[in-house]
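S.K.: Following this line is data.txt, made up of compact mmCIF, C-alpha atoms:
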# COMPACT_ATOMS: atom_id res chain seq x y z
CA MET A 14 39.87 124.32 -65.49
CA PHE A 15 39.95 121.75 -62.66
CA ASN A 16 40.83 118.97 -65.11
CA PHE A 17 43.66 121.08 -66.53
CA LEU A 18 45.20 121.49 -63.06
CA LEU A 19 45.00 117.71 -62.52
CA ARG A 20 47.07 116.87 -65.57
CA LYS A 21 50.45 115.20 -64.86
CA ASP A 22 52.60 117.76 -66.62
CA VAL A 23 50.89 120.65 -64.85
CA ARG A 24 51.33 118.93 -61.48
CA LYS A 25 55.05 118.42 -62.23
CA ILE A 26 55.51 122.10 -63.09
CA LEU A 27 53.74 123.20 -59.93
CA LYS A 28 55.78 120.75 -57.81
CA ARG A 29 59.02 121.99 -59.40
CA LYS A 30 58.10 125.61 -58.64
CA ASP A 31 57.30 124.68 -55.05
CA SER A 32 60.64 122.87 -54.71
CA ASP A 33 62.51 125.83 -56.23
CA ALA A 34 60.79 128.21 -53.82
CA GLY A 35 61.63 125.87 -50.96
CA GLU A 36 65.29 125.70 -51.99
CA LYS A 37 65.50 129.50 -52.23
CA GLY A 38 63.89 129.82 -48.80
CA ARG A 39 66.29 127.30 -47.30
CA ALA A 40 69.25 129.04 -48.94
CA LEU A 41 68.08 132.37 -47.50
CA GLU A 42 67.69 130.82 -44.05
CA ASP A 43 71.12 129.22 -44.30
CA LEU A 44 72.67 132.56 -45.29
CA ARG A 45 70.91 134.34 -42.44
CA GLY A 46 72.00 131.65 -40.01
CA SER A 47 75.61 131.74 -41.17
CA LEU A 48 75.75 135.53 -40.85
CA PHE A 49 74.22 135.34 -37.37
CA ASN A 50 76.63 132.60 -36.30
CA GLU A 51 79.58 134.52 -37.69
CA PHE A 52 78.52 137.64 -35.80
CA ARG A 53 77.96 135.71 -32.58
CA SER A 54 81.43 134.12 -32.63
CA SER A 55 84.40 136.24 -31.65
CA GLU A 56 86.46 135.14 -34.67
CA GLY A 57 83.61 135.88 -37.09
CA ALA A 58 82.87 139.23 -35.47
CA LYS A 59 86.56 140.12 -35.68
CA ARG A 60 86.65 139.26 -39.40
CA GLN A 61 83.48 141.29 -39.94
CA GLN A 62 85.03 144.29 -38.16
CA GLN A 63 88.21 144.02 -40.25
CA ARG A 64 86.22 143.81 -43.50
CA THR A 65 83.89 146.71 -42.78
CA CYS A 66 86.30 149.02 -40.95
CA GLY A 67 89.89 148.97 -42.17
CA PRO A 68 92.67 151.29 -40.98
CA ALA A 69 91.70 154.22 -43.23
CA ALA A 70 87.99 154.03 -42.30
CA ALA A 71 88.72 153.63 -38.58
CA LEU A 72 91.16 156.55 -38.46
CA SER A 73 88.81 158.80 -40.49
CA PHE A 74 85.86 157.88 -38.27
CA ASN A 75 87.87 158.67 -35.14
CA PHE A 76 89.19 161.91 -36.63
CA PHE A 77 85.75 163.38 -37.45
CA ILE A 78 84.19 162.28 -34.15
CA ALA A 79 87.13 163.76 -32.21
CA ILE A 80 86.73 167.10 -34.02
CA SER A 81 82.97 167.11 -33.30
CA ILE A 82 83.31 166.36 -29.59
CA ILE A 83 85.84 169.17 -29.15
CA PHE A 84 83.23 171.76 -30.13
CA ILE A 85 80.47 170.08 -28.09
CA ASN A 86 82.66 169.84 -24.98
CA LYS A 87 83.69 173.45 -25.48
CA MET A 88 79.99 174.33 -25.40
CA VAL A 89 79.48 172.19 -22.27
CA LEU A 90 82.36 173.82 -20.38
CA GLN A 91 81.97 177.43 -21.57
CA THR A 92 78.36 178.03 -22.65
CA VAL A 93 76.60 175.60 -20.32
CA LYS A 94 79.29 176.19 -17.64
CA PHE A 95 79.37 172.57 -16.49
CA LYS A 96 82.53 172.63 -14.34
CA PHE A 97 82.63 168.98 -13.33
CA PRO A 98 85.06 167.09 -15.62
CA ILE A 99 85.01 163.75 -13.76
CA LEU A 100 81.21 163.75 -13.61
CA LEU A 101 81.13 164.53 -17.34
CA SER A 102 83.35 161.48 -17.98
CA LEU A 103 81.10 159.39 -15.72
CA ILE A 104 78.00 160.48 -17.68
CA HIS A 105 79.78 159.58 -20.94
CA TYR A 106 80.50 156.04 -19.76
CA ILE A 107 77.02 155.54 -18.26
CA VAL A 108 75.43 156.48 -21.61
CA SER A 109 77.92 154.21 -23.42
CA TRP A 110 77.03 151.29 -21.15
CA LEU A 111 73.29 151.89 -21.64
CA LEU A 112 73.67 151.97 -25.44
CA MET A 113 75.67 148.75 -25.39
CA ALA A 114 73.07 147.17 -23.07
CA VAL A 115 70.41 147.92 -25.70
CA LEU A 116 72.59 146.31 -28.39
CA ASN A 117 73.12 143.30 -26.13
CA ALA A 118 69.37 142.97 -25.48
CA PHE A 119 68.75 142.70 -29.24
CA SER A 120 71.70 140.28 -29.67
CA LEU A 121 73.61 142.86 -31.72
CA LEU A 122 76.68 142.95 -29.49
CA PRO A 123 79.62 140.87 -30.80
CA ALA A 124 80.61 137.85 -28.74
CA SER A 125 83.66 137.78 -26.49
CA PRO A 126 86.55 135.48 -27.48
CA SER A 127 86.18 131.87 -26.41
CA LYS A 128 89.84 131.92 -25.43
CA SER A 129 89.86 133.27 -21.90
CA THR A 130 91.66 136.59 -21.44
CA LYS A 131 93.27 137.14 -18.07
CA LEU A 132 90.95 139.01 -15.74
CA SER A 133 93.90 141.14 -14.65
CA ALA A 134 94.29 142.47 -18.23
CA LEU A 135 90.61 143.51 -18.43
CA PHE A 136 90.77 145.00 -14.92
CA THR A 137 93.94 146.95 -15.79
CA LEU A 138 92.38 148.27 -18.99
CA GLY A 139 89.23 149.43 -17.16
CA PHE A 140 91.36 151.09 -14.48
CA VAL A 141 93.71 152.95 -16.84
CA MET A 142 90.71 153.99 -18.97
CA SER A 143 89.20 155.76 -15.96
CA LEU A 144 92.52 157.48 -15.20
CA SER A 145 93.18 158.39 -18.83
CA THR A 146 89.73 159.91 -19.46
CA GLY A 147 89.23 161.52 -16.05
CA LEU A 148 92.71 163.06 -15.72
CA ALA A 149 92.57 164.33 -19.33
CA ASN A 150 89.39 166.29 -18.60
CA VAL A 151 90.84 167.64 -15.33
CA SER A 152 93.99 168.70 -17.20
CA LEU A 153 91.89 170.52 -19.79
CA LYS A 154 90.03 172.32 -17.01
CA TYR A 155 93.17 173.73 -15.34
CA ASN A 156 95.60 174.03 -18.27
CA SER A 157 95.52 175.65 -21.69
CA ILE A 158 95.09 173.61 -24.87
CA GLY A 159 98.75 174.23 -25.72
CA PHE A 160 100.05 172.78 -22.45
CA TYR A 161 97.67 169.83 -22.84
CA GLN A 162 99.11 169.12 -26.29
CA MET A 163 102.66 169.42 -24.96
CA ALA A 164 101.79 166.74 -22.40
CA LYS A 165 100.38 164.56 -25.19
CA ILE A 166 103.74 164.71 -26.98
CA ALA A 167 105.28 162.80 -24.07
CA VAL A 168 102.80 159.93 -24.69
CA THR A 169 104.59 158.92 -27.92
CA PRO A 170 108.01 158.09 -26.38
CA SER A 171 106.19 156.52 -23.42
CA ILE A 172 104.36 154.11 -25.75
CA VAL A 173 107.56 153.27 -27.66
CA MET A 174 109.46 152.59 -24.43
CA ALA A 175 106.63 150.57 -22.84
CA GLU A 176 106.14 148.40 -25.93
CA PHE A 177 109.88 147.74 -26.10
CA VAL A 178 110.09 146.78 -22.40
CA LEU A 179 106.90 144.67 -22.35
CA TYR A 180 106.73 143.18 -25.85
CA LYS A 181 110.20 143.74 -27.38
CA LYS A 182 108.76 145.90 -30.16
CA LYS A 183 111.24 148.15 -31.91
CA VAL A 184 110.76 151.30 -33.95
CA SER A 185 112.93 151.60 -37.04
CA TRP A 186 115.24 154.60 -37.32
CA PRO A 187 113.28 156.28 -40.16
CA LYS A 188 110.07 156.03 -38.12
CA ALA A 189 111.81 157.30 -34.99
CA LEU A 190 113.12 160.29 -36.97
CA ALA A 191 109.63 160.99 -38.40
CA LEU A 192 108.08 160.81 -34.89
CA THR A 193 110.75 163.21 -33.60
CA VAL A 194 109.90 165.70 -36.37
CA VAL A 195 106.19 165.36 -35.51
CA SER A 196 106.83 166.00 -31.79
CA ILE A 197 109.04 169.04 -32.49
CA GLY A 198 106.48 170.43 -34.94
CA VAL A 199 103.58 170.09 -32.48
CA ALA A 200 105.71 171.61 -29.70
CA VAL A 201 106.54 174.64 -31.87
CA ALA A 202 102.90 174.94 -33.01
CA THR A 203 101.56 175.08 -29.45
CA VAL A 204 104.43 176.87 -27.71
CA THR A 205 102.57 180.21 -27.78
CA ASP A 206 99.81 178.84 -25.52
CA LEU A 207 101.54 177.35 -22.50
CA GLN A 208 99.44 178.68 -19.61
CA PHE A 209 99.16 176.15 -16.82
CA HIS A 210 98.22 175.76 -13.19
CA PHE A 211 100.60 173.91 -10.80
CA PHE A 212 97.91 171.37 -9.87
CA GLY A 213 96.97 171.06 -13.54
CA ALA A 214 100.60 170.40 -14.47
CA CYS A 215 100.80 167.61 -11.87
CA VAL A 216 97.59 166.10 -13.26
CA ALA A 217 98.96 166.30 -16.82
CA LEU A 218 102.16 164.50 -15.80
CA ALA A 219 100.15 161.84 -13.95
CA TRP A 220 97.99 161.36 -17.07
CA ILE A 221 100.87 160.41 -19.43
CA VAL A 222 101.55 156.85 -18.24
CA PRO A 223 97.87 155.73 -17.97
CA SER A 224 97.20 157.16 -21.43
CA ALA A 225 100.11 155.21 -22.95
CA VAL A 226 99.15 151.94 -21.22
CA ASN A 227 95.50 152.44 -22.21
CA LYS A 228 96.35 152.69 -25.92
CA ILE A 229 98.78 149.74 -25.79
CA LEU A 230 96.23 147.44 -24.12
CA TRP A 231 93.40 148.42 -26.47
CA SER A 232 95.58 147.71 -29.49
CA ARG A 233 97.12 144.48 -28.18
CA LEU A 234 93.94 142.82 -26.87
CA GLN A 235 92.19 143.36 -30.22
CA GLN A 236 95.09 142.30 -32.41
CA GLN A 237 96.40 139.38 -30.34
CA GLU A 238 93.30 137.93 -28.64
CA ASN A 239 90.51 138.48 -31.23
CA TRP A 240 88.53 141.03 -29.22
CA THR A 241 86.27 143.40 -31.13
CA ALA A 242 85.94 147.02 -30.08
CA LEU A 243 82.35 146.78 -28.81
CA ALA A 244 82.90 143.48 -26.97
CA LEU A 245 85.94 144.89 -25.17
CA MET A 246 84.08 148.10 -24.31
CA TRP A 247 81.19 146.02 -22.89
CA LYS A 248 83.54 144.09 -20.59
CA THR A 249 85.64 147.03 -19.34
CA THR A 250 83.10 149.87 -19.01
CA PRO A 251 81.69 148.69 -15.62
CA ILE A 252 85.24 148.68 -14.18
CA THR A 253 85.82 152.19 -15.53
CA LEU A 254 82.54 153.42 -14.00
CA ILE A 255 83.56 152.16 -10.54
CA PHE A 256 86.91 153.98 -10.59
CA LEU A 257 85.42 157.19 -12.03
CA ALA A 258 82.83 157.20 -9.24
CA ALA A 259 85.69 156.81 -6.72
CA MET A 260 87.57 159.74 -8.30
CA LEU A 261 84.49 161.99 -8.30
CA PRO A 262 84.69 163.42 -4.74
CA CYS A 263 88.48 163.87 -4.97
CA LEU A 264 88.84 165.83 -8.22
CA ASP A 265 85.47 167.50 -8.88
CA PRO A 266 84.41 170.68 -7.06
CA PRO A 267 81.21 170.69 -4.94
CA GLY A 268 77.95 172.15 -6.20
CA VAL A 269 76.74 169.63 -8.79
CA LEU A 270 73.24 169.61 -7.26
CA SER A 271 72.99 173.38 -7.67
CA PHE A 272 73.72 173.16 -11.40
CA ASP A 273 70.83 174.29 -13.62
CA TRP A 274 69.66 170.97 -15.14
CA ASN A 275 67.22 172.54 -17.61
CA PHE A 276 66.23 170.93 -20.91
CA ILE A 277 68.81 172.71 -23.08
CA ASN A 278 71.72 172.07 -20.72
CA THR A 279 70.76 168.42 -20.28
CA LEU A 280 70.40 167.99 -24.05
CA VAL A 281 73.87 169.41 -24.71
CA ILE A 282 75.42 167.15 -22.04
CA LEU A 283 73.62 164.08 -23.45
CA THR A 284 74.81 164.98 -26.97
CA SER A 285 78.34 165.17 -25.61
CA ALA A 286 77.82 161.76 -23.97
CA ILE A 287 76.62 160.14 -27.23
CA LEU A 288 79.61 161.61 -29.06
CA GLY A 289 81.76 160.29 -26.21
CA PHE A 290 80.47 156.78 -26.90
CA LEU A 291 81.24 157.19 -30.61
CA LEU A 292 84.69 158.59 -29.76
CA GLN A 293 85.49 155.62 -27.54
CA TRP A 294 84.21 153.18 -30.17
CA SER A 295 86.05 154.86 -33.06
CA GLY A 296 89.22 155.12 -30.99
CA ALA A 297 89.02 151.41 -30.16
CA LEU A 298 88.49 150.59 -33.85
CA ALA A 299 91.50 152.71 -34.82
CA LEU A 300 93.69 151.09 -32.16
CA GLY A 301 92.59 147.63 -33.26
CA ALA A 302 93.27 148.38 -36.93
CA THR A 303 96.59 150.21 -36.52
CA SER A 304 98.81 150.71 -33.46
CA ALA A 305 99.03 152.84 -30.33
CA VAL A 306 101.67 155.14 -31.86
CA SER A 307 99.60 155.69 -35.02
CA HIS A 308 96.62 156.70 -32.88
CA VAL A 309 98.72 159.29 -31.02
CA VAL A 310 100.02 160.65 -34.34
CA LEU A 311 96.39 160.98 -35.49
CA GLY A 312 95.62 163.07 -32.38
CA GLN A 313 98.55 165.37 -33.10
CA PHE A 314 97.41 165.68 -36.73
CA LYS A 315 94.01 166.77 -35.41
CA THR A 316 95.68 169.50 -33.34
CA CYS A 317 97.54 170.89 -36.36
CA ILE A 318 94.41 170.81 -38.54
CA ILE A 319 92.42 172.73 -35.91
CA LEU A 320 95.19 175.34 -35.59
CA LEU A 321 95.49 175.81 -39.37
CA GLY A 322 91.70 175.74 -39.82
CA ASN A 323 91.23 178.53 -37.28
CA TYR A 324 93.90 180.55 -39.12
CA TYR A 325 92.52 180.11 -42.66
CA LEU A 326 88.77 179.99 -41.93
CA PHE A 327 88.24 182.19 -38.88
CA GLY A 328 91.10 184.68 -39.14
CA SER A 329 92.87 183.76 -35.89
CA ASN A 330 96.56 184.64 -35.80
CA PRO A 331 98.64 182.11 -33.84
CA GLY A 332 101.85 183.51 -35.32
CA ILE A 333 104.16 182.48 -38.13
CA ILE A 334 106.19 180.22 -35.79
CA SER A 335 103.12 178.17 -34.82
CA ILE A 336 102.01 177.85 -38.45
CA CYS A 337 105.47 176.66 -39.53
CA GLY A 338 105.46 174.18 -36.64
CA ALA A 339 102.08 172.81 -37.73
CA PHE A 340 103.27 172.30 -41.32
CA THR A 341 106.47 170.66 -40.05
CA ALA A 342 104.43 168.25 -37.92
CA ILE A 343 102.15 167.40 -40.85
CA ALA A 344 105.21 166.70 -43.02
CA GLY A 345 106.56 164.34 -40.36
CA MET A 346 103.15 162.62 -40.14
CA SER A 347 103.11 162.16 -43.90
CA VAL A 348 106.52 160.46 -43.81
CA TYR A 349 105.45 158.25 -40.90
CA THR A 350 102.25 157.24 -42.75
CA TYR A 351 104.23 156.45 -45.90
CA LEU A 352 106.64 154.25 -43.93
CA ASN A 353 103.72 152.40 -42.31
CA LEU A 354 102.02 151.77 -45.67
CA LYS A 355 105.31 150.59 -47.16
CA GLN A 356 105.82 148.15 -44.27
CA GLN A 357 102.26 146.81 -44.60
CA SER A 358 102.70 146.27 -48.36
CA ASN A 359 105.92 144.37 -47.70
CA LYS A 360 104.09 142.13 -45.25
CA ILE A 361 101.18 141.46 -47.61
CA PHE A 362 103.25 140.92 -50.76
CA PRO A 363 106.55 139.32 -49.75
CA ARG A 364 106.95 137.87 -53.24
CA GLN A 365 110.62 138.47 -53.89
CA ALA A 366 111.69 136.97 -50.58
CA THR A 367 109.57 133.84 -51.03
CA LEU A 368 110.72 133.26 -54.62
CA LEU A 369 114.40 133.19 -53.68
CA PRO A 370 115.94 129.86 -52.58
CA LYS A 371 116.69 129.60 -48.90
CA SER A 372 120.46 129.37 -49.33
CA LYS A 373 120.54 132.33 -51.70
CA LEU A 374 118.38 134.37 -49.37
CA SER A 375 120.71 133.62 -46.48
CA LYS A 376 123.71 134.70 -48.58
CA GLU A 377 122.09 137.98 -49.52
CA ASN A 378 121.14 138.70 -45.92
CA GLY A 379 124.66 137.81 -44.83
CA THR A 380 123.40 135.94 -41.76
CA SER A 381 121.86 132.60 -41.02
CA GLN A 382 118.20 132.38 -40.05
CA ASN A 383 117.92 131.29 -36.43
CA GLY A 384 114.19 131.85 -36.12
CA HIS A 385 114.35 134.64 -33.55
CA TYR A 386 111.67 137.14 -34.56
CA SER A 387 110.49 138.31 -31.16
CA ALA A 388 111.60 141.87 -31.89
CA GLU A 389 108.74 143.26 -33.91
CA ASN A 390 108.92 146.59 -35.70
CA VAL A 391 106.05 149.06 -35.41
Starting from the coordinates I provided, produce the structure as structure tokens.
M.R.:
Amino acid sequence: MFNFLLRKDVRKILKRKDSDAGEKGRALEDLRGSLFNEFRSSEGAKRQQQRTCGPAAALSFNFFIAISIIFINKMVLQTVKFKFPILLSLIHYIVSWLLMAVLNAFSLLPASPSKSTKLSALFTLGFVMSLSTGLANVSLKYNSIGFYQMAKIAVTPSIVMAEFVLYKKKVSWPKALALTVVSIGVAVATVTDLQFHFFGACVALAWIVPSAVNKILWSRLQQQENWTALALMWKTTPITLIFLAAMLPCLDPPGVLSFDWNFINTLVILTSAILGFLLQWSGALALGATSAVSHVVLGQFKTCIILLGNYYLFGSNPGIISICGAFTAIAGMSVYTYLNLKQQSNKIFPRQATLLPKSKLSKENGTSQNGHYSAENV
């Protein structure tokens, strides 16, 4: 047996098998290293995010998480009777930061872009995030859901106007008409529930501008400067925590220490906080994959689905006017989504335009090409 193993042909076979195993091992190590390097670079992490979470996946993820957190927060505010909206937002962001710290400790957090983003942009995003989240919860505490949704309608024209003033983005007339139909439909659907408090109305009006700026910055920093959702959350969450802590004594009532922090109540609040992290992450993914206006339209679609779901599944009767308004809004959303998909397909497959000669293309357009494309349609 020993002599057989010493034969030349047997030694060659064994050496070849060892070399094959070594090549496979090196190939596996190279693959693992390339994946790790891609994840640790901002460009690679951005490509990975775009491959694994496209617009449809990001919007669906955000939609289901948003529906889930509505019921959990309803339990927190009504069943648990936790009447501290700013503190609830602060707990959400503390849990989010702790979860991201764990990811960072295991080197699972995507890298920040090598290209330096202005510190003022990150500071502004953290600041408007604290205002957007905190004032939204205060508005929900003092106002009805219907008035809250009416205030959200004003976010859409605010985003369109801000993007036009800051970035020269324009909305085409068909999209503007579809967004108008959506806003009218949501207004009609929620008009039967317009109970509000004067202080709550002031808070809702103060919330509109920070909410619009928040969505614009989230979308622009990811699309223009190669930030991923988690990396941007990691950089801006500490700033948000500072401003939420500053807002705490001004907007929350006293008595937090007298709250019954038993196991069940704490578990419900922590569940809400984990869903809050997922909501922030999914919202950032949706804003990075689509646009600020599309994210607002998704929120209004969620409102109509909840209203119709309560009517068909639980027998609630919001009235025929509200139901017609919800269907009108959904029809407008469908048209807006179709126009967005059509625009994206034209960008991806511009075959007819590229096949035409330049002179012929200029004749058909009726104008000469001067190269001014700063006005971007959304």
S.K.: Work out how far atom CA of Gly139 of chain A is from atom CA of Ser157 of chain A, in Å to one decimal.
M.R.: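 Between these atoms lies a distance of 27.3 Å.
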S.K.: With only C-alpha atoms as the counted atoms, please give the residues lying no more than 8 Å from Gly147 of chain A, apart from itself and same-chain residues fewer than 2 positions off, as a list in words.
M.R.: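 Once the nearby chain positions are removed, what remains is Pro98, Ile99, Ser102, Ser143, Leu144, Ser145, Ala149, Asn150, Val151 and Leu257 of chain A.
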S.K.: Using only C-alpha atoms, find the one residue out of A:Leu101, A:Ala217, A:Leu234, A:Leu261 that sits nearest to Met246 of chain A.
M.R.: A:Leu234
S.K.: Do you have the atom CA of Asp265 of chain A-atom CA of Phe97 of chain A distance handy?
M.R.: 5.5 Å
S.K.: At what distance in Å, to one decimal, does atom CA of Val195 of chain A lie from atom CA of Thr341 of chain A?
M.R.: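 The value is 7.0 Å.
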S.K.: Please provide the set of residues having any atom within 9 Å of Ile104 of chain A, restricted to only C-alpha atoms, with same-chain residues fewer than 4 positions apart removed, written as a list in words.
M.R.: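 Contacts, in chain order: Ile99, Leu100, Val108, Ser109, Ile282, Leu283 and Ala286 of chain A.
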S.K.: Taking (88.5, 172.9, -26.5) in the file's coordinates as the center, which residues reach within 8 Å of it, counting all atoms listed in the file, put as a ChimeraX atom specification?
M.R.: /A:83-84,86-87,153,158
S.K.: For the residues in the current selection, export C-alpha atoms as a compact mmCIF listing (two decimals), in the frame of the given file.
M.R.:
# COMPACT_ATOMS: atom_id res chain seq x y z
CA ILE A 83 85.84 169.17 -29.15
CA PHE A 84 83.23 171.76 -30.13
CA ASN A 86 82.66 169.84 -24.98
CA LYS A 87 83.69 173.45 -25.48
CA LEU A 153 91.89 170.52 -19.79
CA ILE A 158 95.09 173.61 -24.87
S.K.: Which one of A:Asn239, A:Asn227, A:Ser129, A:Gln313 sits closest to Thr146 of chain A if you count only C-alpha atoms?
M.R.: A:Asn227
S.K.: Could you check the closest approach to Ala175 of chain A for each of A:Pro262, A:Gly268, A:Pro223, A:Gly301 and tell me which residue wins, using all atoms listed in the file?
M.R.: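 Of all the options, A:Pro223 lies closest to Ala175 of chain A.
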S.K.: Looking at A:Thr316, A:Ser73, A:Ser171, A:Gln356, which one is nearest to Ile229 of chain A, with distances taken over only C-alpha atoms?
M.R.: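 Nearest to Ile229 of chain A: A:Ser171.
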